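What follows is a set of notes on a single structure, which appears directly below.
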Amino acid sequence: MKNNLNLVENFYQNSLFTFDSYESFCRIDTIYESPKDVRNVIKIFSENNKPIKFAFEPKNGLVRISLKTGAVEESDILSSLLSINANKVEGYQKFFEKNGFFFPIFSDKFVEIEAEPLLAVISRMRATVELMSQISEIQRKNYEKILTVTLALLLSSKNSIAIGSNKYESCEHNTLYNELDTASQINDNESSLRMDNQYNFIITDSIFGEYKVSLDEYRSYKADYDVLNPFWRRVFHSYFHHQDASKNERLIIEVLFHSFKDIGRFEFVTFNSINFMEEPRWENYIDRFKKAVLDVARIVVAEEINSNITGVYPEYDSTIMEPRWRVESLMSALYFSIFYMKPNLELTRLCENPKCGRYFKVSRTSLKKKYCCTECANRANQNRYRARKKEVTI
């Protein structure tokens, strides 16, 4: 018993915050509106007779604590969540049953939640963690991935989850949309732009210094609605006519402009790929552009995290006579654990075994660790061996 008491004391001394919640009862209903129109609805309620406690420990991230012993029952709850197959809502059912729901829910009746926006919210969390790690990689930066995830987060529509009279809304990137609103108040007057002797407009650009766009090309952007949809017309208008925007606003507009104009027009972007309408010109993704994308990625990560830790408050704990944090929901706790990540020291990587899908933590200086465990590494080696053997046989 003495050892258990010591565990409890150490747990409170070493953790940066605690969070109390309850397990939940969760079921998934599949609703067929028509043979081709199928949707999943998560039905869930809180089991208040099954309390659980979480804490954040610097080495283990968000952990679940045994109420009987004070020992850690499961470490790194965040990685467990992110490792669930994004396309299988059944995996999240088990997670919610064990860890409770993201937000406070009723204990006497079901809350019904559409699966699609919920999965979108989890995908944004996963993308935020991936982007943090990609930014901080030393020699393994995947710049195409960084651009893709940055654009996907920046351009994602707002996702809403309603729980009774309360509603959670995912991050909307106000640095971008405030700038678009401000720029829309500026007249579209080409005579206000600088022009050289070759009838090229000269735009002040923090990435390339000065950037030239021909008069004919500029006018085609204004006139041809097949080239630019309403959103991209707003971005191009801001780029040409609001060159004195704030530093961060201007940089985001420039990255969007050059991604669309110089790399390739695209219809939409997911967290896995950019859907180009033409063959992408990756040769234009030069070092100066990559640096700008990294800077915008940092802005995007900060906005995603800050938007999701509004349910966290400082308080003074009279029991241990130390300052602590009060966390209102599991969602806030998960994002607060992301807030406390130190990507300059430790990264969260996706196991490169395609059949695994698990996220794991690794030292930032570890350049070769690609797999979460020895079993995955051995399986990957066996697959490569079989592939080589097959090639020789053929």
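Identifiers for the structure tokens are assigned positionally: chains receive A, B, ... in sequence, residues are indexed from 1 per chain, and ligands are indexed from 1 in the order shown.
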
Subject >> Every residue of range 92-316 of chain A that DSSP places in alpha helix (DSSP H), as a PyMOL selection string >> reply: chain A and resi 92-99+115-136+143-155+174-183+215-223+230-241+247-258+287-307

Original post:
If you run DSSP on this backbone, which residues of range 89-258 of chain A come out as strand (DSSP E or B), and could you give them as a VMD selection string?
Top reply: chain A and resid 111 to 114 160 to 163 166 to 169 194 to 195 200 to 205 209 to 214

**OP:** Name all residues at most 6 Å from range 288-303 of chain A (count only C-alpha atoms; drop same-chain ones fewer than 3 positions away) and give them as a PyMOL selection string.
**Re:** chain A and resi 128+150+285+306-307

Can you write out the residues you just picked, keeping all heavy atoms, as a tab-separated table (two decimals), in the first residue's frame?
chain	number	residue	atom	x	y	z
A	128	THR	N	-2.41	18.21	-37.58
A	128	THR	CA	-1.65	19.19	-36.79
A	128	THR	C	-0.40	18.56	-36.20
A	128	THR	O	0.69	19.14	-36.26
A	128	THR	CB	-2.54	19.77	-35.67
A	128	THR	OG1	-3.68	20.42	-36.26
A	128	THR	CG2	-1.77	20.78	-34.84
A	150	THR	N	-0.42	21.85	-44.85
A	150	THR	CA	-0.63	23.26	-44.53
A	150	THR	C	-1.83	23.82	-45.29
A	150	THR	O	-2.70	24.48	-44.71
A	150	THR	CB	0.63	24.08	-44.86
A	150	THR	OG1	1.73	23.60	-44.07
A	150	THR	CG2	0.43	25.55	-44.56
A	285	TYR	N	8.99	24.88	-56.93
A	285	TYR	CA	8.97	24.83	-55.46
A	285	TYR	C	10.41	24.91	-54.96
A	285	TYR	O	10.99	23.96	-54.48
A	285	TYR	CB	8.30	23.53	-55.02
A	285	TYR	CG	7.86	23.47	-53.57
A	285	TYR	CD1	7.71	24.60	-52.79
A	285	TYR	CD2	7.56	22.24	-52.99
A	285	TYR	CE1	7.30	24.52	-51.48
A	285	TYR	CE2	7.14	22.14	-51.68
A	285	TYR	CZ	7.02	23.28	-50.93
A	285	TYR	OH	6.60	23.19	-49.60
A	306	ASN	N	-4.11	26.90	-30.58
A	306	ASN	CA	-4.69	27.96	-29.74
A	306	ASN	C	-6.21	27.94	-29.79
A	306	ASN	O	-6.88	28.24	-28.78
A	306	ASN	CB	-4.17	29.32	-30.19
A	306	ASN	CG	-2.70	29.52	-29.85
A	306	ASN	OD1	-2.19	28.90	-28.91
A	306	ASN	ND2	-2.02	30.37	-30.59
A	307	SER	N	-6.77	27.58	-30.93
A	307	SER	CA	-8.22	27.53	-31.06
A	307	SER	C	-8.83	26.44	-30.19
A	307	SER	O	-10.00	26.54	-29.79
A	307	SER	CB	-8.61	27.30	-32.52
A	307	SER	OG	-9.99	27.10	-32.67

Residues of range 259-330 of chain A within 12 Å of range 45-54 of chain A: nearest atom pair and distance (Å, one decimal) for each, counting only C-alpha atoms, sorted by chain and number, as JSON lines?
{"residue": "A:Arg326", "atom": "CA", "partner": "A:Phe54", "partner_atom": "CA", "distance": 11.8}
{"residue": "A:Val327", "atom": "CA", "partner": "A:Phe54", "partner_atom": "CA", "distance": 10.2}
{"residue": "A:Glu328", "atom": "CA", "partner": "A:Phe54", "partner_atom": "CA", "distance": 11.9}
{"residue": "A:Ser329", "atom": "CA", "partner": "A:Phe54", "partner_atom": "CA", "distance": 10.7}
{"residue": "A:Leu330", "atom": "CA", "partner": "A:Phe54", "partner_atom": "CA", "distance": 8.8}

Output N, CA, C and O atoms for every residue in the selection just made, as a compact mmCIF listing (two decimals), in the first residue's frame.
# COMPACT_ATOMS: atom_id res chain seq x y z
N ARG A 326 -6.71 23.80 -15.08
CA ARG A 326 -8.01 23.15 -15.07
C ARG A 326 -8.43 22.93 -16.52
O ARG A 326 -8.46 23.87 -17.32
N VAL A 327 -8.75 21.69 -16.84
CA VAL A 327 -9.09 21.31 -18.21
C VAL A 327 -10.54 20.88 -18.25
O VAL A 327 -10.97 20.05 -17.45
N GLU A 328 -11.32 21.42 -19.19
CA GLU A 328 -12.76 21.21 -19.20
C GLU A 328 -13.21 19.99 -19.99
O GLU A 328 -14.31 19.50 -19.78
N SER A 329 -12.41 19.48 -20.90
CA SER A 329 -12.87 18.38 -21.74
C SER A 329 -11.68 17.55 -22.21
O SER A 329 -10.53 18.00 -22.17
N LEU A 330 -11.98 16.35 -22.68
CA LEU A 330 -10.93 15.50 -23.22
C LEU A 330 -10.32 16.13 -24.47
O LEU A 330 -9.12 16.01 -24.71

Original post:
So which one's closest to Asp181 in chain A, A:Tyr225, A:Tyr313, A:Phe231, A:Tyr371? Using only C-alpha atoms, please.
Top reply: A:Phe231

Original post:
Quick one, how far is CA of Ile28 in chain A from CA of Ile44 in chain A?
Top reply: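 Taking CA of Ile28 in chain A and CA of Ile44 in chain A, their separation equals 8.5 Å.
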
**OP:** For Glu254 in chain A, list every protein, DNA or RNA residue within 9 Å, evaluated using only C-alpha atoms, and leave out those in the same chain fewer than 4 positions away; present the list as a ChimeraX atom specification.
**Re:** /A:205-207,235,239,249-250,258-259,292

Original post:
In Å, with one decimal, what is the gap from CA of Gln185 in chain A to CA of Glu172 in chain A?
Top reply: 20.9 Å

List as a tab-separated table every residue of range 92-174 of chain A that is in contact with range 260-264 of chain A, defined as an atom at most 12 Å from one of its atoms (using only C-alpha atoms), together with the nearest atom pair and the distance in Å rounded to one decimal, sorted by chain and then rising number.
residue	atom	partner	partner_atom	distance
A:Glu144	CA	A:Ile263	CA	10.9
A:Leu147	CA	A:Ile263	CA	10.9
A:Thr148	CA	A:Ile263	CA	11.9
A:Leu151	CA	A:Phe260	CA	10.7

What would the file look like if the residues just selected were written as a CSV table (one decimal), in the first residue's frame with N, CA and C atoms?
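So part-v5.csv came out as:
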chain,number,residue,atom,x,y,z
A,144,GLU,N,6.7,18.5,-49.9
A,144,GLU,CA,5.4,18.3,-50.6
A,144,GLU,C,4.4,18.0,-49.6
A,147,LEU,N,3.5,21.2,-47.6
A,147,LEU,CA,2.7,22.1,-48.3
A,147,LEU,C,1.2,21.6,-48.4
A,148,THR,N,1.1,20.3,-48.6
A,148,THR,CA,-0.2,19.7,-48.7
A,148,THR,C,-1.0,19.8,-47.4
A,151,LEU,N,-1.9,23.5,-46.6
A,151,LEU,CA,-3.0,24.0,-47.4
A,151,LEU,C,-4.3,23.4,-46.9

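Each of A:Ser24, A:Ser273, A:Ser123, A:Asn197 was compared to Phe101 in chain A using only C-alpha atoms, and A:Ser24 turns out to be the nearest.
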
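If you count only C-alpha atoms and ignore residues fewer than 3 places along the chain from Glu267 in chain A, what sits within 9 Å of it is Ile274, Asn275, Phe276 and Met277 of chain A.
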
Original post:
Mind pulling up the distance from CA of Ser332 in chain A to CA of Ile309 in chain A?
Top reply: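 Taking CA of Ile309 in chain A and CA of Ser332 in chain A, their separation equals 5.2 Å.
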
**OP:** Find, counting only C-alpha atoms, the residue in A:Glu116, A:Glu23, A:Glu283, A:Asp226 that gets nearest to Glu97 in chain A.
**Re:** A:Glu23

Original post:
Near range 241-248 of chain A, counting only C-alpha atoms, which residues have an atom at most 10 Å away, once you skip same-chain residues fewer than 2 positions from it, shown as an MDAnalysis selection string?
Top reply: chainID A and resid 175:176 179:180 182:190 192:193 203:206 236:239 250:254 295:296 299

Original post:
Near Pro117 in chain A, within 8 Å and counting only C-alpha atoms, which residues show up once chain neighbours fewer than 3 positions away are dropped, as a ChimeraX atom specification?
Top reply: /A:114,120-121,159-161

Atoms kept (N, CA and C atoms) for selection, written as an mmCIF file, in the first residue's frame:
data_model
loop_
_atom_site.group_PDB
_atom_site.id
_atom_site.type_symbol
_atom_site.label_atom_id
_atom_site.label_comp_id
_atom_site.auth_asym_id
_atom_site.auth_seq_id
_atom_site.Cartn_x
_atom_site.Cartn_y
_atom_site.Cartn_z
ATOM 1 N N GLU A 114 -23.237 12.970 -35.680
ATOM 2 C CA GLU A 114 -22.903 12.519 -37.027
ATOM 3 C C GLU A 114 -21.415 12.161 -37.085
ATOM 4 N N ALA A 120 -13.765 14.328 -39.260
ATOM 5 C CA ALA A 120 -13.039 15.477 -39.811
ATOM 6 C C ALA A 120 -12.270 16.203 -38.717
ATOM 7 N N VAL A 121 -12.869 16.324 -37.530
ATOM 8 C CA VAL A 121 -12.197 16.977 -36.402
ATOM 9 C C VAL A 121 -10.966 16.178 -35.982
ATOM 10 N N ASN A 159 -15.764 22.683 -39.050
ATOM 11 C CA ASN A 159 -16.546 21.518 -38.660
ATOM 12 C C ASN A 159 -17.244 21.796 -37.332
ATOM 13 N N SER A 160 -18.511 21.398 -37.222
ATOM 14 C CA SER A 160 -19.296 21.642 -36.014
ATOM 15 C C SER A 160 -19.812 20.329 -35.446
ATOM 16 N N ILE A 161 -19.774 20.229 -34.122
ATOM 17 C CA ILE A 161 -20.352 19.086 -33.410
ATOM 18 C C ILE A 161 -21.290 19.640 -32.354
#

Original post:
Between A:Gly61, A:Asn40, A:Ser34, A:Ser83, which one has atoms that come closest to Phe339 in chain A, using only C-alpha atoms?
Top reply: A:Gly61
